[in-house]
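Peer 1: Please find entry39.txt (compact mmCIF, C-alpha atoms) on the next line:
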# COMPACT_ATOMS: atom_id res chain seq x y z
CA MET A 1 274.63 141.65 -83.87
CA SER A 2 275.44 145.17 -85.07
CA ALA A 3 275.52 145.59 -88.85
CA LEU A 4 277.81 148.62 -88.48
CA PHE A 5 280.37 146.50 -86.65
CA SER A 6 280.22 143.55 -89.03
CA GLN A 7 283.36 142.87 -91.05
CA GLY A 8 283.59 144.58 -94.43
CA ARG A 9 285.64 144.19 -97.58
CA LEU A 10 286.94 146.73 -100.09
CA GLY A 11 288.86 145.25 -102.99
CA GLY A 12 291.49 143.01 -101.44
CA LEU A 13 291.13 144.55 -97.96
CA ASP A 14 289.31 143.01 -95.01
CA LEU A 15 288.06 145.68 -92.60
CA ASP A 16 287.08 145.23 -88.95
CA ASN A 17 283.84 147.17 -89.42
CA ARG A 18 281.90 149.51 -91.76
CA ILE A 19 283.06 152.82 -90.22
CA VAL A 20 285.37 155.00 -92.33
CA VAL A 21 287.11 158.24 -91.38
CA SER A 22 286.80 160.59 -94.36
CA PRO A 23 289.81 162.57 -95.64
CA MET A 24 290.07 165.94 -93.88
CA CYS A 25 292.52 168.62 -95.03
CA GLN A 26 294.67 169.89 -92.16
CA TYR A 27 296.50 172.75 -93.96
CA SER A 28 299.56 171.92 -91.90
CA GLY A 29 302.06 170.68 -94.50
CA GLU A 30 305.32 172.39 -95.43
CA ARG A 31 306.31 172.16 -99.11
CA GLY A 32 303.73 169.39 -99.34
CA VAL A 33 305.51 167.41 -96.60
CA ALA A 34 303.61 165.88 -93.66
CA GLN A 35 304.53 167.28 -90.25
CA PRO A 36 304.24 165.99 -86.65
CA TRP A 37 300.69 167.36 -86.55
CA HIS A 38 299.64 164.83 -89.18
CA LEU A 39 300.90 161.90 -87.11
CA ILE A 40 299.04 163.17 -84.05
CA HIS A 41 295.87 163.74 -86.08
CA ILE A 42 295.95 160.40 -87.90
CA GLY A 43 297.16 158.55 -84.80
CA ASN A 44 294.13 159.78 -82.89
CA LEU A 45 291.83 158.61 -85.67
CA MET A 46 293.51 155.21 -85.87
CA MET A 47 292.31 154.76 -82.26
CA SER A 48 288.76 155.91 -83.03
CA GLY A 49 287.31 152.43 -83.48
CA ALA A 50 286.92 152.93 -87.25
CA GLY A 51 287.87 150.10 -89.60
CA LEU A 52 289.43 152.47 -92.15
CA VAL A 53 291.09 155.88 -91.90
CA ILE A 54 291.75 157.86 -95.10
CA MET A 55 294.32 160.64 -95.06
CA GLU A 56 293.58 164.05 -96.48
CA ALA A 57 293.50 165.08 -100.14
CA THR A 58 297.11 164.90 -101.32
CA SER A 59 298.18 166.47 -104.58
CA VAL A 60 299.90 164.55 -107.37
CA GLU A 61 301.87 167.61 -108.55
CA ALA A 62 302.85 171.05 -107.26
CA ALA A 63 300.35 172.90 -109.46
CA GLY A 64 297.57 170.79 -107.97
CA LEU A 65 298.08 171.90 -104.38
CA GLY A 66 295.08 173.72 -103.00
CA THR A 67 297.04 175.84 -100.52
CA HIS A 68 300.57 176.32 -99.24
CA GLY A 69 299.61 173.97 -96.38
CA CYS A 70 298.29 171.04 -98.43
CA LEU A 71 300.09 167.71 -98.72
CA GLY A 72 301.72 166.37 -101.86
CA LEU A 73 303.05 163.01 -103.03
CA TYR A 74 305.35 163.86 -105.91
CA THR A 75 308.80 164.15 -104.22
CA ASP A 76 311.00 161.74 -102.30
CA GLU A 77 310.80 163.94 -99.20
CA GLN A 78 307.00 163.82 -99.23
CA GLU A 79 307.00 160.05 -99.72
CA GLN A 80 309.48 159.49 -96.89
CA ALA A 81 307.46 161.60 -94.47
CA LEU A 82 304.26 159.71 -95.27
CA GLY A 83 306.05 156.36 -95.09
CA SER A 84 307.27 157.21 -91.59
CA LEU A 85 303.76 158.24 -90.56
CA VAL A 86 302.24 155.00 -91.89
CA ALA A 87 304.85 152.87 -90.11
CA GLN A 88 304.12 154.54 -86.78
CA ALA A 89 300.33 154.68 -87.19
CA ARG A 90 300.20 150.94 -87.96
CA ASN A 91 301.22 150.21 -84.36
CA LEU A 92 298.17 151.96 -82.91
CA SER A 93 295.35 149.68 -84.09
CA SER A 94 294.22 147.18 -86.70
CA ALA A 95 292.50 149.92 -88.73
CA ARG A 96 293.48 150.11 -92.39
CA LEU A 97 295.05 153.32 -93.63
CA GLY A 98 294.37 154.97 -97.00
CA ILE A 99 295.21 158.18 -98.80
CA GLN A 100 293.18 160.39 -101.13
CA LEU A 101 294.96 161.60 -104.29
CA THR A 102 293.85 164.81 -105.94
CA HIS A 103 294.55 167.74 -108.20
CA THR A 104 292.63 170.91 -107.34
CA GLY A 105 292.61 172.31 -110.89
CA ARG A 106 291.10 175.79 -111.14
CA LYS A 107 290.51 175.85 -107.37
CA ALA A 108 294.27 175.79 -106.66
CA ALA A 109 296.26 178.62 -105.07
CA THR A 110 293.91 179.59 -102.26
CA ARG A 111 294.39 180.63 -98.66
CA THR A 112 293.98 178.04 -95.92
CA ILE A 113 290.70 177.82 -93.99
CA PRO A 114 291.83 179.97 -91.02
CA GLU A 115 292.91 182.74 -93.43
CA ARG A 116 289.96 182.77 -95.82
CA TRP A 117 288.26 185.63 -94.02
CA ARG A 118 290.82 187.75 -95.90
CA GLY A 119 289.61 186.36 -99.24
CA GLU A 120 289.88 182.85 -100.65
CA PRO A 121 292.21 183.19 -103.68
CA LEU A 122 295.90 183.75 -102.95
CA PRO A 123 297.21 187.07 -104.27
CA PRO A 124 300.52 187.16 -106.19
CA GLU A 125 302.35 188.72 -103.23
CA GLU A 126 301.49 185.63 -101.15
CA GLY A 127 302.98 183.22 -103.69
CA ALA A 128 300.00 182.34 -105.87
CA TRP A 129 300.72 179.95 -108.75
CA LYS A 130 298.86 179.48 -112.04
CA PRO A 131 295.94 177.03 -111.86
CA VAL A 132 295.13 174.67 -114.74
CA ALA A 133 291.77 173.41 -115.99
CA PRO A 134 290.07 171.79 -118.98
CA SER A 135 288.82 175.24 -120.07
CA PRO A 136 289.97 178.78 -119.14
CA ILE A 137 287.00 179.57 -116.87
CA ALA A 138 287.69 181.18 -113.48
CA TYR A 139 285.94 179.66 -110.49
CA ASP A 140 284.45 183.00 -109.44
CA ALA A 141 284.98 186.74 -109.66
CA GLY A 142 288.38 187.64 -108.26
CA TRP A 143 289.82 184.19 -108.95
CA GLN A 144 292.56 183.57 -111.50
CA GLU A 145 291.60 182.45 -114.97
CA PRO A 146 293.16 178.99 -115.24
CA GLU A 147 295.44 177.91 -118.03
CA GLU A 148 293.72 175.53 -120.44
CA LEU A 149 295.49 172.18 -120.41
CA THR A 150 297.03 170.90 -123.63
CA ASP A 151 296.81 167.26 -124.60
CA GLU A 152 300.39 166.86 -123.38
CA GLY A 153 299.52 168.51 -120.08
CA ILE A 154 296.53 166.21 -119.59
CA ARG A 155 298.62 163.11 -120.20
CA SER A 156 301.28 164.40 -117.82
CA ILE A 157 298.71 164.70 -115.01
CA ILE A 158 297.39 161.19 -115.70
CA GLU A 159 300.95 159.94 -115.33
CA ALA A 160 301.34 162.00 -112.14
CA PHE A 161 298.36 160.19 -110.57
CA ALA A 162 299.96 156.83 -111.41
CA ASP A 163 303.35 157.97 -110.07
CA ALA A 164 301.73 159.13 -106.81
CA ALA A 165 300.00 155.75 -106.48
CA VAL A 166 303.35 154.00 -106.80
CA ARG A 167 304.70 156.25 -104.03
CA ALA A 168 301.62 155.55 -101.89
CA ASP A 169 302.22 151.81 -102.28
CA ARG A 170 305.87 152.16 -101.27
CA ALA A 171 304.84 154.30 -98.29
CA GLY A 172 302.66 151.42 -97.09
CA PHE A 173 299.11 152.67 -97.62
CA ASP A 174 296.37 150.03 -97.94
CA LEU A 175 294.04 152.07 -100.11
CA VAL A 176 294.03 154.89 -102.65
CA GLU A 177 290.97 157.06 -103.19
CA ILE A 178 290.93 159.36 -106.24
CA HIS A 179 289.18 162.68 -105.67
CA GLY A 180 286.82 163.33 -108.58
CA ALA A 181 284.36 165.67 -106.88
CA HIS A 182 283.86 169.16 -105.40
CA GLY A 183 284.88 171.17 -108.45
CA TYR A 184 288.49 170.00 -108.51
CA LEU A 185 290.30 169.04 -111.70
CA ILE A 186 288.72 165.67 -112.44
CA HIS A 187 285.24 166.95 -111.65
CA SER A 188 285.82 170.00 -113.85
CA PHE A 189 286.49 167.64 -116.77
CA LEU A 190 283.32 165.67 -115.99
CA SER A 191 280.92 168.61 -115.80
CA PRO A 192 279.64 170.43 -118.91
CA ILE A 193 279.63 173.61 -116.79
CA THR A 194 283.42 173.71 -116.67
CA ASN A 195 284.48 171.59 -119.64
CA ARG A 196 283.91 173.50 -122.90
CA ARG A 197 286.48 171.58 -124.92
CA THR A 198 285.76 170.34 -128.42
CA ASP A 199 288.63 167.85 -128.69
CA GLY A 200 288.83 164.25 -127.43
CA TRP A 201 288.62 165.41 -123.79
CA GLY A 202 285.31 167.32 -124.00
CA GLY A 203 281.95 167.69 -125.67
CA SER A 204 279.98 164.46 -125.25
CA THR A 205 279.59 162.78 -121.86
CA ASP A 206 281.88 159.95 -122.94
CA ARG A 207 284.65 162.38 -123.88
CA ARG A 208 284.21 164.38 -120.65
CA ASN A 209 284.48 161.09 -118.71
CA ARG A 210 287.67 160.13 -120.52
CA PHE A 211 290.06 161.96 -118.16
CA ALA A 212 288.65 160.18 -115.08
CA ILE A 213 288.67 156.82 -116.83
CA GLU A 214 292.26 157.22 -118.00
CA ILE A 215 293.37 158.16 -114.47
CA VAL A 216 291.69 155.13 -112.91
CA ARG A 217 293.12 152.87 -115.62
CA ALA A 218 296.64 154.24 -115.04
CA VAL A 219 296.42 153.96 -111.26
CA ARG A 220 294.91 150.46 -111.35
CA ALA A 221 297.80 149.32 -113.55
CA VAL A 222 300.31 150.14 -110.80
CA TRP A 223 298.17 149.71 -107.66
CA PRO A 224 298.18 146.15 -106.23
CA ARG A 225 294.97 144.15 -106.49
CA SER A 226 295.51 143.11 -102.87
CA LYS A 227 294.77 146.72 -101.94
CA ALA A 228 291.66 148.86 -102.51
CA LEU A 229 291.05 151.56 -105.11
CA GLY A 230 288.19 154.02 -104.78
CA PHE A 231 286.81 157.18 -106.36
CA ARG A 232 284.96 160.11 -104.79
CA MET A 233 282.52 161.49 -107.33
CA ASN A 234 279.77 164.07 -107.56
CA SER A 235 276.28 162.63 -107.70
CA THR A 236 274.80 165.82 -109.12
CA ASP A 237 275.82 169.41 -109.87
CA TRP A 238 272.38 170.50 -108.57
CA THR A 239 271.54 172.40 -111.77
CA PRO A 240 270.07 171.36 -115.14
CA GLU A 241 273.22 172.71 -116.83
CA GLY A 242 275.43 170.24 -115.01
CA SER A 243 275.98 166.53 -114.48
CA THR A 244 273.22 164.31 -113.08
CA LEU A 245 272.95 161.18 -110.96
CA ASP A 246 272.44 159.12 -114.13
CA ASP A 247 275.74 160.53 -115.44
CA ALA A 248 277.41 159.52 -112.17
CA VAL A 249 276.05 155.97 -112.38
CA ASP A 250 277.27 155.64 -115.97
CA LEU A 251 280.71 156.89 -114.94
CA ALA A 252 280.78 154.47 -112.01
CA LYS A 253 280.07 151.57 -114.35
CA ALA A 254 282.87 152.69 -116.68
CA LEU A 255 285.28 152.94 -113.73
CA GLU A 256 284.18 149.54 -112.45
CA ALA A 257 285.24 148.10 -115.80
CA GLN A 258 288.71 149.56 -115.17
CA GLY A 259 289.05 147.72 -111.85
CA LEU A 260 287.66 150.25 -109.38
CA ASP A 261 286.53 148.76 -106.05
CA TYR A 262 284.27 151.40 -104.51
CA VAL A 263 282.82 154.89 -104.85
CA VAL A 264 282.00 157.65 -102.37
CA MET A 265 279.03 159.72 -103.45
CA SER A 266 279.19 163.46 -102.75
CA SER A 267 277.67 166.43 -104.61
CA GLY A 268 277.85 170.14 -105.43
CA ASN A 269 280.66 172.72 -105.46
CA ILE A 270 281.16 172.91 -109.22
CA ARG A 271 280.63 176.68 -109.13
CA PRO A 272 279.23 179.32 -106.75
CA GLY A 273 275.63 180.46 -106.95
CA ILE A 274 273.92 177.11 -107.47
CA ALA A 275 271.02 176.53 -105.07
CA ILE A 276 271.85 173.36 -103.13
CA PRO A 277 269.30 171.81 -100.76
CA PRO A 278 270.19 172.42 -97.10
CA ALA A 279 272.31 169.71 -95.51
CA THR A 280 270.26 167.41 -93.29
CA PRO A 281 271.18 164.15 -91.54
CA GLY A 282 271.99 161.55 -94.19
CA HIS A 283 271.10 163.88 -97.06
CA GLN A 284 273.49 162.19 -99.51
CA VAL A 285 272.84 158.58 -98.57
CA PRO A 286 270.33 158.02 -101.44
CA PHE A 287 273.15 158.72 -103.91
CA ALA A 288 275.19 155.86 -102.42
CA THR A 289 272.11 153.64 -102.54
CA ALA A 290 271.74 154.32 -106.27
CA ILE A 291 275.31 153.15 -106.87
CA LYS A 292 274.76 150.07 -104.72
CA ARG A 293 271.61 149.13 -106.60
CA ARG A 294 272.82 149.93 -110.13
CA THR A 295 276.47 148.82 -110.15
CA GLY A 296 278.64 146.07 -108.68
CA LEU A 297 280.77 148.55 -106.73
CA ALA A 298 280.89 148.93 -102.97
CA ALA A 299 279.10 152.13 -101.98
CA MET A 300 280.31 154.51 -99.28
CA ALA A 301 277.79 157.01 -97.90
CA VAL A 302 278.60 160.49 -96.61
CA GLY A 303 276.59 163.54 -95.56
CA MET A 304 275.92 164.44 -91.93
CA ILE A 305 276.11 160.89 -90.63
CA ALA A 306 276.78 161.60 -86.96
CA LYS A 307 274.88 159.25 -84.64
CA PRO A 308 275.56 155.53 -84.11
CA GLU A 309 271.91 154.53 -84.55
CA GLN A 310 271.75 156.47 -87.82
CA ALA A 311 274.90 154.79 -89.16
CA GLU A 312 273.63 151.39 -88.03
CA ALA A 313 270.35 151.89 -89.86
CA ILE A 314 272.11 152.83 -93.11
CA ILE A 315 274.13 149.61 -93.10
CA ALA A 316 271.39 147.37 -91.69
CA SER A 317 268.87 148.52 -94.32
CA ASP A 318 271.42 147.94 -97.11
CA GLU A 319 271.42 151.59 -98.20
CA ALA A 320 275.24 151.57 -98.34
CA ASP A 321 278.13 149.25 -97.60
CA PHE A 322 280.14 151.74 -95.54
CA VAL A 323 279.56 155.08 -93.82
CA ALA A 324 282.25 157.78 -93.89
CA LEU A 325 282.44 160.44 -91.18
CA ALA A 326 284.55 163.59 -91.02
CA ARG A 327 283.57 166.34 -88.58
CA PRO A 328 281.92 163.93 -86.12
CA MET A 329 285.37 162.33 -85.78
CA LEU A 330 286.98 165.71 -85.11
CA ASP A 331 284.31 166.38 -82.51
CA ASN A 332 284.78 162.95 -80.92
CA PRO A 333 287.95 161.05 -81.90
CA ARG A 334 286.60 157.99 -80.03
CA TRP A 335 283.36 157.98 -82.05
CA GLY A 336 283.69 154.33 -83.06
CA LEU A 337 284.39 153.11 -79.53
CA HIS A 338 281.38 154.98 -78.18
CA ALA A 339 279.24 153.77 -81.10
CA ALA A 340 280.10 150.18 -80.22
CA ALA A 341 278.88 150.68 -76.65
CA ALA A 342 275.71 152.41 -77.88
CA LEU A 343 274.95 149.49 -80.22
CA GLY A 344 276.00 146.69 -77.88
CA ALA A 345 279.02 145.66 -79.97
CA ASP A 346 282.00 144.20 -78.12
CA ILE A 347 285.19 145.57 -79.68
CA ARG A 348 288.77 145.90 -78.55
CA TYR A 349 290.24 149.13 -77.23
CA PRO A 350 293.86 150.23 -77.60
CA PRO A 351 295.62 148.38 -74.73
CA GLN A 352 296.66 151.68 -73.17
CA TYR A 353 293.00 152.73 -72.95
CA ILE A 354 291.36 149.54 -71.61
CA ARG A 355 290.58 151.19 -68.27
CA ALA A 356 288.05 153.35 -70.12
CA ARG A 357 286.19 150.33 -71.53
CA PRO A 358 282.61 150.03 -70.24
CA ASN A 359 283.51 146.84 -68.34
CA ASN A 360 286.46 148.52 -66.60
CA TRP A 361 284.98 151.90 -65.69
CA LEU A 362 282.03 152.52 -63.42
CA GLY A 363 281.82 156.06 -64.77
CA PHE A 364 281.05 154.95 -68.33
CA GLY A 365 277.31 154.76 -67.71
CA PHE A 366 277.40 158.15 -66.01
CA VAL A 367 279.08 159.78 -69.02
CA HIS A 368 277.14 157.77 -71.61
CA PRO A 369 273.73 157.11 -70.00
CA ASP A 370 272.13 155.90 -73.25
CA ALA A 371 274.81 153.31 -74.01
CA LYS A 372 274.00 149.59 -73.96
CA PRO A 373 277.42 147.95 -73.69
CA PRO A 374 277.38 144.14 -73.70
CA ALA A 375 278.31 142.05 -70.72
CA THR A 376 281.91 141.07 -71.41
CA THR A 377 285.14 139.81 -69.94
CA LEU A 378 287.11 141.13 -72.92
CA GLN A 379 290.22 143.13 -71.97
CA LEU A 380 289.78 143.15 -68.20
CA ASP A 381 292.11 145.62 -66.54
CA ARG A 382 292.67 143.42 -63.45
CA PRO A 383 292.08 139.78 -62.51
CA LYS A 384 288.77 138.99 -60.80
CA SER A 385 290.60 138.23 -57.57
CA VAL A 386 291.60 141.89 -57.21
CA SER A 387 289.25 144.31 -55.46
CA SER A 388 287.13 146.11 -58.05
CA TRP A 389 285.52 148.98 -56.17
CA ASP A 390 286.02 151.32 -59.17
CA ARG A 391 284.76 149.09 -61.99
CA PRO A 392 281.73 146.92 -62.77
CA ALA A 393 281.84 143.32 -61.66
CA ALA A 394 283.00 141.05 -64.45
CA PRO A 395 280.26 138.72 -65.71
CA GLU A 396 280.65 135.03 -65.14
CA LYS A 397 281.70 133.12 -68.24
CA PRO A 398 278.99 130.71 -69.48
CA SER A 399 279.49 127.16 -68.31
CA THR A 400 280.71 124.70 -70.92
CA ALA A 401 279.85 121.65 -68.81
CA ALA A 402 277.59 119.07 -70.40
I need this file expressed as structure tokens, please.
Peer 2:
Amino acid sequence: MSALFSQGRLGGLDLDNRIVVSPMCQYSGERGVAQPWHLIHIGNLMMSGAGLVIMEATSVEAAGLGTHGCLGLYTDEQEQALGSLVAQARNLSSARLGIQLTHTGRKAATRTIPERWRGEPLPPEEGAWKPVAPSPIAYDAGWQEPEELTDEGIRSIIEAFADAAVRADRAGFDLVEIHGAHGYLIHSFLSPITNRRTDGWGGSTDRRNRFAIEIVRAVRAVWPRSKALGFRMNSTDWTPEGSTLDDAVDLAKALEAQGLDYVVMSSGNIRPGIAIPPATPGHQVPFATAIKRRTGLAAMAVGMIAKPEQAEAIIASDEADFVALARPMLDNPRWGLHAAAALGADIRYPPQYIRARPNNWLGFGFVHPDAKPPATTLQLDRPKSVSSWDRPAAPEKPSTAA
């Protein structure tokens, strides 16, 4: 039996398997409101064979938007659009649907990916807004110096995360993931590189962790226990000046005490110019393993996980509880269905697509010569009495006679 396709559990959620679609920014929102593109994108991924799909990083306030095209969840219009998307996406599969909540901090007010060849920071004439951060340190030359948050401003953002979680619950999401990595606001509080405060929100590791802990506490207070709550964190800043894996483990334990269910372990991006080891297949999996071994949290692994056998090995060897894929899912929105055939797992297809199941399509082996789909009568496209010149013969069911 495939470990990757065994049932999983995150918080109060039962998942069909251990495959997760990572959040992927689409830069296609208008005023933070989801558009038809988002339904098409998420709808495709709901039919990927994954057990969980997480929507893109969605800001908890206007100042936290990364670009003019990013999504938000701080107005009624934004909530209604996402609620409609969730209602429609639910009909496509049994996959669970989550959302990632974020605030981009000093990395706010940038151009979208297709426009970044012109320069990443937005200029004033293109509607740039003032970023905020724990300390007034610009991300890089040519970027705005962010406004240093006051104690009142910090508490307002903590409340904004909780308010967005309430909206996410009303919209029907099964899971909330808080983005605390990649140099965004929460990460910039955690790292000594970007947090130079001397008050109760900076200085020692415990005080730098306080912002993240307060956010998780506030969200957990309003987010149902029947649903899952996760946190994406940086495992290391990849420099002696920054945060380390031991810091990440200590933070994970503190968040676990606040009711967190799982963590996703990423790394890097706190500032430009830090030498980061080249990305290789599974390069961040050991960070997830450290969390799995040293805390009671579920661990989600990321980092160039692209092949079914690779993902299977990660779960089967107990290196992580779940694997999260992003670009492989863009490359192949049926990644999970094809992975099941490659690993011999017998899973259901969307009813509209059953004619492409291995047992209903002679061409499957031609297109996927390395696949090992199981013999199955699951979801036959026609009864056995009908001529089947264009599909494999259905296997006989085992006899139950004594």
Peer 1: For Gly69 (chain A), work out the shell of residues within 12 Å, counting only C-alpha atoms and skipping chain neighbours fewer than 3 positions away, then give it as number ranges by chain.
Peer 2: A: 25-35, 37-38, 56-59, 62, 65-66, 72, 108-115
Peer 1: What separation in Å, quoted to one decimal, exists between CA of Ser6 (chain A) and CA of Pro351 (chain A)?
Peer 2: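 Separating CA of Ser6 (chain A) from CA of Pro351 (chain A) is a distance of 21.6 Å.
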Peer 1: Can you measure CA of Ala168 (chain A) to CA of Asp16 (chain A) for me? One decimal in Å is fine.
Peer 2: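 These atoms are spaced 22.0 Å apart.
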Peer 1: Closest to Val302 (chain A) among A:Met46, A:Leu122, A:Met233, A:Ile270, using all atoms listed in the file?
Peer 2: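 The shortest atom-to-atom distance to Val302 (chain A) comes from A:Met233.
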Peer 1: Which of these, A:Leu330, A:Gln379, A:Arg96, A:Thr102, has the shortest distance to Tyr353 (chain A) once you count only C-alpha atoms?
Peer 2: A:Gln379
Peer 1: So which residues fall inside 12 Å of (278.0, 160.8, -111.5) if we count all atoms listed in the file? Mind giving them as a PyMOL selection string?
Peer 2: chain A and resi 180-182+186-187+190-191+205+208-209+212+231-238+242-255+263-268+287-288+290-291
Peer 1: Can you tell me, as an NGL selection string, what residues are no more than 10 Å from Pro373 (chain A) when counting only C-alpha atoms, ignoring any on the same chain fewer than 4 positions away?
Peer 2: :A and (338-346 or 357-359 or 364-365)
Peer 1: Those same residues - C-alpha atoms - I'd like them written as a tab-separated table (two decimals), keeping the file's coordinate frame.
Peer 2:
chain	number	residue	atom	x	y	z
A	338	HIS	CA	281.38	154.98	-78.18
A	339	ALA	CA	279.24	153.77	-81.10
A	340	ALA	CA	280.10	150.18	-80.22
A	341	ALA	CA	278.88	150.68	-76.65
A	342	ALA	CA	275.71	152.41	-77.88
A	343	LEU	CA	274.95	149.49	-80.22
A	344	GLY	CA	276.00	146.69	-77.88
A	345	ALA	CA	279.02	145.66	-79.97
A	346	ASP	CA	282.00	144.20	-78.12
A	357	ARG	CA	286.19	150.33	-71.53
A	358	PRO	CA	282.61	150.03	-70.24
A	359	ASN	CA	283.51	146.84	-68.34
A	364	PHE	CA	281.05	154.95	-68.33
A	365	GLY	CA	277.31	154.76	-67.71
Peer 1: Let me make sure I understand: among A:Thr150, A:Ser388, A:Ser93, A:Asn195, which one has the smallest atom-to-atom distance to Arg106 (chain A) if we use all atoms listed in the file?
Peer 2: A:Asn195
Peer 1: Residues at most 9 Å from Glu256 (chain A), counting all atoms listed in the file, excluding those fewer than 5 positions away in the same chain, as an NGL selection string?
Peer 2: :A and (251 or 261-262 or 295-297)
Peer 1: With distances taken over only C-alpha atoms, which of A:Asp390, A:Ala298, A:Gln310, A:Asp370 is nearest to Ala356 (chain A)?
Peer 2: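 Among the listed residues, the smallest separation from Ala356 (chain A) belongs to A:Asp390.
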Peer 1: Please, can region 157-163 of chain A be completed to all heavy atoms and returned as a PDB file, keeping the file's coordinate frame?
Peer 2:
ATOM      1  N   ILE A 157     299.422 164.806-116.292  1.00  0.00           N
ATOM      2  CA  ILE A 157     298.710 164.700-115.010  1.00  0.00           C
ATOM      3  C   ILE A 157     298.227 163.273-114.785  1.00  0.00           C
ATOM      4  O   ILE A 157     298.278 162.758-113.658  1.00  0.00           O
ATOM      5  CB  ILE A 157     297.565 165.717-114.953  1.00  0.00           C
ATOM      6  CG1 ILE A 157     298.138 167.136-114.870  1.00  0.00           C
ATOM      7  CG2 ILE A 157     296.658 165.449-113.752  1.00  0.00           C
ATOM      8  CD1 ILE A 157     297.112 168.238-114.982  1.00  0.00           C
ATOM      9  N   ILE A 158     297.774 162.603-115.834  1.00  0.00           N
ATOM     10  CA  ILE A 158     297.390 161.190-115.700  1.00  0.00           C
ATOM     11  C   ILE A 158     298.576 160.378-115.193  1.00  0.00           C
ATOM     12  O   ILE A 158     298.449 159.561-114.269  1.00  0.00           O
ATOM     13  CB  ILE A 158     296.879 160.642-117.043  1.00  0.00           C
ATOM     14  CG1 ILE A 158     295.565 161.321-117.436  1.00  0.00           C
ATOM     15  CG2 ILE A 158     296.702 159.117-116.984  1.00  0.00           C
ATOM     16  CD1 ILE A 158     295.121 161.034-118.858  1.00  0.00           C
ATOM     17  N   GLU A 159     299.733 160.637-115.773  1.00  0.00           N
ATOM     18  CA  GLU A 159     300.950 159.940-115.330  1.00  0.00           C
ATOM     19  C   GLU A 159     301.301 160.306-113.895  1.00  0.00           C
ATOM     20  O   GLU A 159     301.769 159.455-113.122  1.00  0.00           O
ATOM     21  CB  GLU A 159     302.107 160.301-116.265  1.00  0.00           C
ATOM     22  CG  GLU A 159     303.390 159.538-115.974  1.00  0.00           C
ATOM     23  CD  GLU A 159     304.499 159.858-116.968  1.00  0.00           C
ATOM     24  OE1 GLU A 159     304.202 160.469-118.020  1.00  0.00           O
ATOM     25  OE2 GLU A 159     305.661 159.489-116.688  1.00  0.00           O
ATOM     26  N   ALA A 160     301.041 161.559-113.504  1.00  0.00           N
ATOM     27  CA  ALA A 160     301.340 162.000-112.140  1.00  0.00           C
ATOM     28  C   ALA A 160     300.469 161.245-111.125  1.00  0.00           C
ATOM     29  O   ALA A 160     300.938 160.918-110.020  1.00  0.00           O
ATOM     30  CB  ALA A 160     301.127 163.502-112.013  1.00  0.00           C
ATOM     31  N   PHE A 161     299.211 160.976-111.466  1.00  0.00           N
ATOM     32  CA  PHE A 161     298.360 160.190-110.570  1.00  0.00           C
ATOM     33  C   PHE A 161     298.942 158.783-110.400  1.00  0.00           C
ATOM     34  O   PHE A 161     298.983 158.250-109.282  1.00  0.00           O
ATOM     35  CB  PHE A 161     296.933 160.106-111.109  1.00  0.00           C
ATOM     36  CG  PHE A 161     296.031 161.209-110.635  1.00  0.00           C
ATOM     37  CD1 PHE A 161     295.884 162.380-111.365  1.00  0.00           C
ATOM     38  CD2 PHE A 161     295.323 161.078-109.446  1.00  0.00           C
ATOM     39  CE1 PHE A 161     295.047 163.401-110.924  1.00  0.00           C
ATOM     40  CE2 PHE A 161     294.483 162.083-108.997  1.00  0.00           C
ATOM     41  CZ  PHE A 161     294.346 163.264-109.733  1.00  0.00           C
ATOM     42  N   ALA A 162     299.375 158.173-111.498  1.00  0.00           N
ATOM     43  CA  ALA A 162     299.960 156.830-111.410  1.00  0.00           C
ATOM     44  C   ALA A 162     301.253 156.851-110.600  1.00  0.00           C
ATOM     45  O   ALA A 162     301.492 155.964-109.766  1.00  0.00           O
ATOM     46  CB  ALA A 162     300.208 156.282-112.806  1.00  0.00           C
ATOM     47  N   ASP A 163     302.095 157.859-110.822  1.00  0.00           N
ATOM     48  CA  ASP A 163     303.350 157.970-110.070  1.00  0.00           C
ATOM     49  C   ASP A 163     303.078 158.131-108.573  1.00  0.00           C
ATOM     50  O   ASP A 163     303.767 157.540-107.725  1.00  0.00           O
ATOM     51  CB  ASP A 163     304.175 159.152-110.574  1.00  0.00           C
ATOM     52  CG  ASP A 163     304.748 158.923-111.965  1.00  0.00           C
ATOM     53  OD1 ASP A 163     304.752 157.762-112.428  1.00  0.00           O
ATOM     54  OD2 ASP A 163     305.176 159.911-112.596  1.00  0.00           O
TER      55      ASP A 163
END
